[in-house]
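Asker: This structure is in structure tokens; I'll ask about it shortly.
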Amino acid sequence: MKPDEPKIPIGQDEPRKPAHSLPRYSEPTPETRRKVSREEEAELALKNSAFAGSSRSVLIVLFLVTILSVPVVQFASEMRAQSQPPHAGFNLFKAYPAWEQIRAVRGPRDLWRLLPRGAELKAAEKELETDSVVSEWLLPRVQLALVNLGAGNEQVYLGRGQWLFYRPDVDYVTGPPFLEPKIMTHRARTAAVQPDPVKAIVAFRDQLAARGIDFIAVPIPMKPGVEPRHLSARPPQAGVLQNPSFAEFKARLEKNGVRVFDPATVLATGDAPLFLEADTHWRPETMELVADKLAAFVSGSPPSSPASQVSNQTIAGVGDIARMLKLPEAQSPFQPETVTIHEVTPAAISKDAGILLLGDSFSNIFALGALGWGESAGFAEHLTRALRRPIDAMLRNSDAAFATREMLSRELARGKDRLAGKKLVIWEFAARELAFGDWKMLEMKLGQPVPAKFFVPKSGETVTATGTVDGISTVPRPGTVPYKDHVLSLHLTYLTIEGREETAGLEAIVYAESMHDNTLTAAARLRPGDRVTLRLRPWSDVSDRYEKINRSEIDDPAVQLEEPCWGELK
């Protein structure tokens with residue numbers, strides 16, 4: 001203490017300094033500058049919370065009852081169903097070994113093999129979340145209450161009136177620039193994808209150019225950018241909204257000599273709707289307008305076939321976004337929407353045509369009956385009508401950043417030259433893929449046909465086969481994707497064919513329906529090690545029906561080039 005400072009007796013407060021002598025602010029200490037995480041905040045709250053003795057016991061009991069109620073109800077439901085015919089419902093015991101396997105244990109190694117793996121437990125947890133008795137009863141009712149309060153779910157935004165919007169579409173329009181280096185680096189590190197669409201598209205153009213094939217990219221704008229007035233009370237006045245990087249994306253492609261047809265430039269936004277109210281896709285008249293404008297954009301030889309005929313069909317459909325809400329059907333406020341489609345006859349789609357269209361669900365929406373909006377009236381059909389010449393088409397509902405290129409790449413690698421005689425490739429894809437897709441770098445090399453190592457029935461033949469599941473592709477959770485159907489891939493080993501003796505060492509790649517109308521099938525619940533019996537047909541016999549449906553592949557390059565079969569569980 002300095003000599004001239006007054007002494008303060010112990011027990012007395014220090015006199016307050018005048019306000020004018022206090023500093024305007026104090027430098028925060030490191031402790032006050034540090035941001036407290038949610039976990040630390042929760043821990044502090046718990047440490048400083050006090051409960052009476054009785055309330056503590058009640059809370060513990062309620063917590064235990066809550067976490068135990070779901071498996072108990074599921075267990076009781078499945079025990080009750082044991083005497084009923086087999087069903088494709090969730091099996092609580094799927095993640096655990098059968099009694100025969102337990103009795104066969106002879107040592108620690110056998111016991112270790114019986115323990116469920118992380119992937120198996122995670123799959124069982126996902127199935128319990130989506131298909132349990134409690135979730136099937138509770139979730140639609142809770143979601144209906146949320147909708148009545150003006151809330152959607154993790155995939156759906158409620159717009160104005162009866163309009164619904166898919167969250168990734170909104171995130172694409174309102175999110176950060178997808179070409180920002182920091183954004184691409186983050187996606188490459190966290191999602192393990194190739195995030196640069198310009199790099200992939202230019203490389204694909206170069207591969208086609210090496211074979212003398214022209215190329216046009218067609219990025220379809222997203223619903224929130226075309227219909228912002230149905231999402232916001234004060235939408236921007238400028239035309240179609242895009243991600244901040246879209247203009248740079250087009251400029252880079254054009255600088256590299258890539259031809260781009262941007263449908264946003266031909267869409268006149270106004271009072272008339274251009275997209276379906278409760279679906280992610282465009283209306284029929286919007287699609288037909290884009291097909292006409294694209295045909296005018298394409299240069300080439302004059303039409304080689306007479307004009308196609310069209311017939312009107314009235315379709316009432318439920319949008320894919322409405323289905324993702326999983327509301328009780330009888331109580332859903334989102335009723336079917338009615339549109340008029342124009343079926344094209346003949347639908348001049350031919351593998352021998354000089355133009356190849358690669359497309360996603362925007363091409364399929366009025367052509368694939370599984371999507372619920374009619375058939376023979378899709379983008380490919382109307383492009384043939386507008387061009388007045390046949391075209392070839394490879395279409396897949398999802399993963400537009402790589403799926404159709406991957407289909408083409410595998411056909412070429414198997415020695416099937418799908419590019420033979422092609423003069424032009426048109427690649428249509430949803431613009432959301434620019435921000436969220438995996439723009440894989442894929443080879444387009446023509447391989448040599450090799451004898452099939454895996455079993456495939458003869459054309460027109462159906463056989464009954466039993467095999468062990470060695471690998472299985474992923475299956476989306478119902479209600480989390482815009483598509484209600486899905487096809488998975490199975491790698492079967494130790495295959496035996498009914499009525500045949502020489503089957504030692506046979507294997508097969510099998511495509512099977514894993515989700516139908518937003519409900520998982522029995523095939524979706526198969527796990528590695530399961531022994532399964534199926535009716536097998538050549539994939540070529542059914543590909544016209546199932547090729548366009550969203551499909552996942554086994555992540556094993558050693559088997560990806562093998563010829564697949566189509567399978568149906570017995």
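Order determines the names: the first chain of the structure tokens is A, the second B, and so forth; residues in each chain are numbered 1 upward, and ligands are numbered 1 upward as they are shown.
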Taking the backbone alone, and naming residues the way the document does, which bits of range 137-316 of chain A are strand (DSSP E) by DSSP, as a ChimeraX atom specification?

Answerer: /A:156-158,164-166,214-220,259-260,309-316

Asker: Generate a file of the selected residues that holds N, CA and C atoms, formatted as a short mmCIF file (atom, residue, chain, number, x, y, z; two decimals), in the first residue's frame.

Answerer:
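That gives us again.cif:
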```cif
data_model
loop_
_atom_site.label_atom_id
_atom_site.label_comp_id
_atom_site.auth_asym_id
_atom_site.auth_seq_id
_atom_site.Cartn_x
_atom_site.Cartn_y
_atom_site.Cartn_z
N VAL A 156 -38.51 -30.98 -45.08
CA VAL A 156 -39.60 -30.24 -45.72
C VAL A 156 -39.80 -28.87 -45.06
N TYR A 157 -39.90 -27.85 -45.90
CA TYR A 157 -40.31 -26.52 -45.46
C TYR A 157 -41.73 -26.27 -45.94
N LEU A 158 -42.56 -25.73 -45.06
CA LEU A 158 -43.91 -25.34 -45.44
C LEU A 158 -43.89 -23.94 -46.04
N LEU A 164 -45.18 -26.72 -50.77
CA LEU A 164 -44.15 -27.37 -49.96
C LEU A 164 -42.82 -27.29 -50.71
N PHE A 165 -41.71 -27.22 -49.93
CA PHE A 165 -40.38 -27.09 -50.52
C PHE A 165 -39.42 -28.09 -49.88
N TYR A 166 -38.58 -28.66 -50.71
CA TYR A 166 -37.57 -29.64 -50.29
C TYR A 166 -36.38 -28.89 -49.72
N ASP A 214 -20.29 -34.17 -79.62
CA ASP A 214 -20.60 -32.86 -79.06
C ASP A 214 -21.28 -33.04 -77.70
N PHE A 215 -21.37 -31.94 -76.93
CA PHE A 215 -21.88 -32.05 -75.56
C PHE A 215 -22.62 -30.77 -75.17
N ILE A 216 -23.74 -30.93 -74.45
CA ILE A 216 -24.50 -29.80 -73.91
C ILE A 216 -24.88 -30.12 -72.47
N ALA A 217 -24.61 -29.18 -71.55
CA ALA A 217 -25.00 -29.32 -70.14
C ALA A 217 -26.30 -28.56 -69.92
N VAL A 218 -27.24 -29.18 -69.17
CA VAL A 218 -28.55 -28.58 -68.93
C VAL A 218 -28.86 -28.62 -67.43
N PRO A 219 -28.46 -27.59 -66.66
CA PRO A 219 -28.76 -27.54 -65.22
C PRO A 219 -30.17 -27.01 -64.97
N ILE A 220 -31.03 -27.81 -64.35
CA ILE A 220 -32.42 -27.42 -64.11
C ILE A 220 -32.50 -26.58 -62.83
N ARG A 259 -20.74 -26.07 -73.98
CA ARG A 259 -22.04 -25.48 -74.31
C ARG A 259 -23.01 -25.72 -73.15
N VAL A 260 -23.68 -24.65 -72.72
CA VAL A 260 -24.63 -24.72 -71.61
C VAL A 260 -25.97 -24.19 -72.06
N GLN A 309 -47.34 -37.97 -82.38
CA GLN A 309 -48.68 -37.62 -81.95
C GLN A 309 -48.72 -37.53 -80.43
N VAL A 310 -49.55 -36.66 -79.91
CA VAL A 310 -49.70 -36.55 -78.47
C VAL A 310 -51.16 -36.74 -78.10
N SER A 311 -51.38 -37.32 -76.92
CA SER A 311 -52.73 -37.51 -76.41
C SER A 311 -52.79 -37.00 -74.98
N ASN A 312 -53.86 -36.32 -74.65
CA ASN A 312 -54.01 -35.73 -73.33
C ASN A 312 -54.44 -36.78 -72.31
N GLN A 313 -53.82 -36.70 -71.13
CA GLN A 313 -54.21 -37.55 -70.01
C GLN A 313 -54.25 -36.69 -68.74
N THR A 314 -55.33 -36.80 -67.99
CA THR A 314 -55.44 -36.07 -66.73
C THR A 314 -54.94 -36.96 -65.59
N ILE A 315 -54.00 -36.43 -64.81
CA ILE A 315 -53.35 -37.19 -63.74
C ILE A 315 -53.54 -36.44 -62.42
N ALA A 316 -53.93 -37.16 -61.38
CA ALA A 316 -54.00 -36.60 -60.03
C ALA A 316 -52.93 -37.29 -59.20
#
```

Asker: Tell me, as a compact mmCIF listing (two decimals) with C-alpha atoms, in the first residue's frame, which residues lie within 9 Å of Met444 in chain A, counting only C-alpha atoms; anything in the same chain fewer than 4 positions away does not count.

Answerer:
```txt
# COMPACT_ATOMS: atom_id res chain seq x y z
CA PHE A 204 -16.52 -35.45 -69.43
CA GLN A 207 -13.72 -37.54 -73.11
CA LEU A 208 -16.63 -37.18 -75.51
CA ARG A 405 -22.15 -41.12 -66.10
CA LEU A 408 -22.34 -45.18 -69.10
CA SER A 409 -18.83 -45.82 -67.77
CA ARG A 410 -19.69 -49.37 -66.64
CA LEU A 412 -18.26 -49.12 -71.78
CA ALA A 413 -15.95 -51.02 -69.40
```

Asker: Residues within 9 Å of Glu285 in chain A, please, as a PDB file with C-alpha atoms, in the first residue's frame. Count only C-alpha atoms; anything in the same chain fewer than 2 positions from it doesn't count.

Answerer:
```pdb
ATOM      1  CA  LEU A 274     -44.158 -23.460 -63.149  1.00  0.00           C
ATOM      2  CA  TRP A 282     -41.728 -28.936 -62.709  1.00  0.00           C
ATOM      3  CA  ARG A 283     -45.232 -28.946 -64.187  1.00  0.00           C
ATOM      4  CA  MET A 287     -41.066 -29.307 -69.042  1.00  0.00           C
ATOM      5  CA  GLU A 288     -42.516 -29.181 -72.559  1.00  0.00           C
ATOM      6  CA  LEU A 289     -41.465 -25.539 -72.957  1.00  0.00           C
ATOM      7  CA  VAL A 290     -37.887 -26.383 -71.943  1.00  0.00           C
ATOM      8  CA  THR A 340     -52.711 -32.652 -67.796  1.00  0.00           C
ATOM      9  CA  ILE A 341     -49.844 -34.544 -69.404  1.00  0.00           C
TER      10      ILE A 341
END
```

Asker: Any idea what's packed within 9 Å of Pro176 in chain A, counting only C-alpha atoms, ignoring anything in its chain fewer than 4 positions away? Could you give it as a list in words?

Answerer: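 So the residues in contact are Asp171, Tyr172, Glu180, Ile183, Asn243, Pro244, Ser245 and Ala435 of chain A.
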
Asker: Would you tabulate, counting only C-alpha atoms, all residues of range 279-375 of chain A that have an atom at most 12 Å from an atom of range 543-555 of chain A, showing the closest pair of atoms and their distance in Å to one decimal, sorted by chain then ascending number, as JSON lines?

Answerer:
```
{"residue": "A:Ile349", "atom": "CA", "partner": "A:Asp544", "partner_atom": "CA", "distance": 11.3}
{"residue": "A:Ser350", "atom": "CA", "partner": "A:Asp544", "partner_atom": "CA", "distance": 11.8}
{"residue": "A:Lys351", "atom": "CA", "partner": "A:Asp544", "partner_atom": "CA", "distance": 11.9}
{"residue": "A:Leu358", "atom": "CA", "partner": "A:Lys548", "partner_atom": "CA", "distance": 10.9}
{"residue": "A:Gly359", "atom": "CA", "partner": "A:Lys548", "partner_atom": "CA", "distance": 9.4}
{"residue": "A:Asp360", "atom": "CA", "partner": "A:Lys548", "partner_atom": "CA", "distance": 8.2}
{"residue": "A:Ser361", "atom": "CA", "partner": "A:Lys548", "partner_atom": "CA", "distance": 8.3}
{"residue": "A:Phe362", "atom": "CA", "partner": "A:Lys548", "partner_atom": "CA", "distance": 11.4}
{"residue": "A:Ser363", "atom": "CA", "partner": "A:Lys548", "partner_atom": "CA", "distance": 9.8}
{"residue": "A:Asn364", "atom": "CA", "partner": "A:Lys548", "partner_atom": "CA", "distance": 7.4}
{"residue": "A:Ile365", "atom": "CA", "partner": "A:Lys548", "partner_atom": "CA", "distance": 10.4}
{"residue": "A:Ala367", "atom": "CA", "partner": "A:Lys548", "partner_atom": "CA", "distance": 9.7}
{"residue": "A:Leu368", "atom": "CA", "partner": "A:Lys548", "partner_atom": "CA", "distance": 7.5}
{"residue": "A:Gly369", "atom": "CA", "partner": "A:Arg545", "partner_atom": "CA", "distance": 9.5}
{"residue": "A:Ala370", "atom": "CA", "partner": "A:Ile549", "partner_atom": "CA", "distance": 8.1}
{"residue": "A:Leu371", "atom": "CA", "partner": "A:Ile549", "partner_atom": "CA", "distance": 9.1}
{"residue": "A:Glu375", "atom": "CA", "partner": "A:Arg545", "partner_atom": "CA", "distance": 11.5}
```

Asker: Output as a PyMOL selection string all residues of range 412-477 of chain A that backbone DSSP marks as helix (DSSP H, G or I).

Answerer: chain A and resi 412-413+433-436

Asker: Just N, CA and C atoms for this one: save the residues we selected as an mmCIF file, in the first residue's frame.

Answerer:
```cif
data_model
loop_
_atom_site.group_PDB
_atom_site.id
_atom_site.type_symbol
_atom_site.label_atom_id
_atom_site.label_comp_id
_atom_site.auth_asym_id
_atom_site.auth_seq_id
_atom_site.Cartn_x
_atom_site.Cartn_y
_atom_site.Cartn_z
ATOM 1 N N LEU A 412 -19.444 -49.166 -70.931
ATOM 2 C CA LEU A 412 -18.258 -49.123 -71.777
ATOM 3 C C LEU A 412 -17.195 -50.094 -71.277
ATOM 4 N N ALA A 413 -16.975 -50.144 -69.960
ATOM 5 C CA ALA A 413 -15.955 -51.020 -69.399
ATOM 6 C C ALA A 413 -16.281 -52.491 -69.645
ATOM 7 N N GLU A 433 -27.467 -30.391 -57.290
ATOM 8 C CA GLU A 433 -26.283 -31.256 -57.314
ATOM 9 C C GLU A 433 -24.994 -30.445 -57.357
ATOM 10 N N LEU A 434 -25.057 -29.229 -57.866
ATOM 11 C CA LEU A 434 -23.853 -28.395 -57.920
ATOM 12 C C LEU A 434 -23.306 -28.129 -56.528
ATOM 13 N N ALA A 435 -24.189 -28.036 -55.548
ATOM 14 C CA ALA A 435 -23.770 -27.737 -54.183
ATOM 15 C C ALA A 435 -23.619 -28.981 -53.315
ATOM 16 N N PHE A 436 -24.336 -30.054 -53.635
ATOM 17 C CA PHE A 436 -24.372 -31.210 -52.730
ATOM 18 C C PHE A 436 -23.968 -32.529 -53.385
#
```

Asker: Between A:Ala322, A:Ile201, A:Ile391, A:Leu536, which residue has the minimum interatomic distance to Gln162 in chain A, considering only C-alpha atoms?

Answerer: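 Result for the nearest residue to Gln162 in chain A: A:Ala322.
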
Asker: Would you mind listing what lies within 6 Å of Asp485 in chain A as a list in words, with only C-alpha atoms counted and same-chain residues fewer than 3 positions away left out?

Answerer: Met515, His516 and Asp517 of chain A

Asker: Could you write out that same residue set with C-alpha atoms as a tab-separated table (two decimals), in the first residue's frame?

Answerer:
```tsv
chain	number	residue	atom	x	y	z
A	515	MET	CA	-38.29	-49.77	-51.00
A	516	HIS	CA	-41.75	-49.64	-52.53
A	517	ASP	CA	-44.13	-46.75	-51.99
```

Asker: What's the 8 Å shell around Lys423 in chain A, counting only C-alpha atoms, without same-chain residues fewer than 2 positions away, as a ChimeraX atom specification?

Answerer: /A:212-214,354-355,421,425

Asker: In Å, how far is it from CA of Ala377 in chain A to CA of Thr286 in chain A?

Answerer: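 For CA of Ala377 in chain A relative to CA of Thr286 in chain A, the distance reads 12.4 Å.
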
Asker: So what do you get for CA of Leu356 in chain A versus CA of Met394 in chain A, distance-wise?

Answerer: 7.5 Å

Asker: CA of Arg323 in chain A to CA of Ala430 in chain A: how many Å, to one decimal?

Answerer: 20.0 Å

Asker: A:Phe366, A:Phe297, A:Phe178, A:Trp163: which is nearest Val339 in chain A, counting only C-alpha atoms?

Answerer: A:Phe366

Asker: Taking into account only C-alpha atoms, which residue in the set A:Val298, A:Val73, A:Val147, A:Met324 is nearest to Thr280 in chain A?

Answerer: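 The closest residue to Thr280 in chain A is A:Met324.
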
Asker: Find the residue from A:Glu154, A:Glu343, A:Glu443, A:Asp541 that sits nearest to Ala203 in chain A; use only C-alpha atoms when measuring.

Answerer: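 Selected residue with least distance to Ala203 in chain A: A:Glu443.
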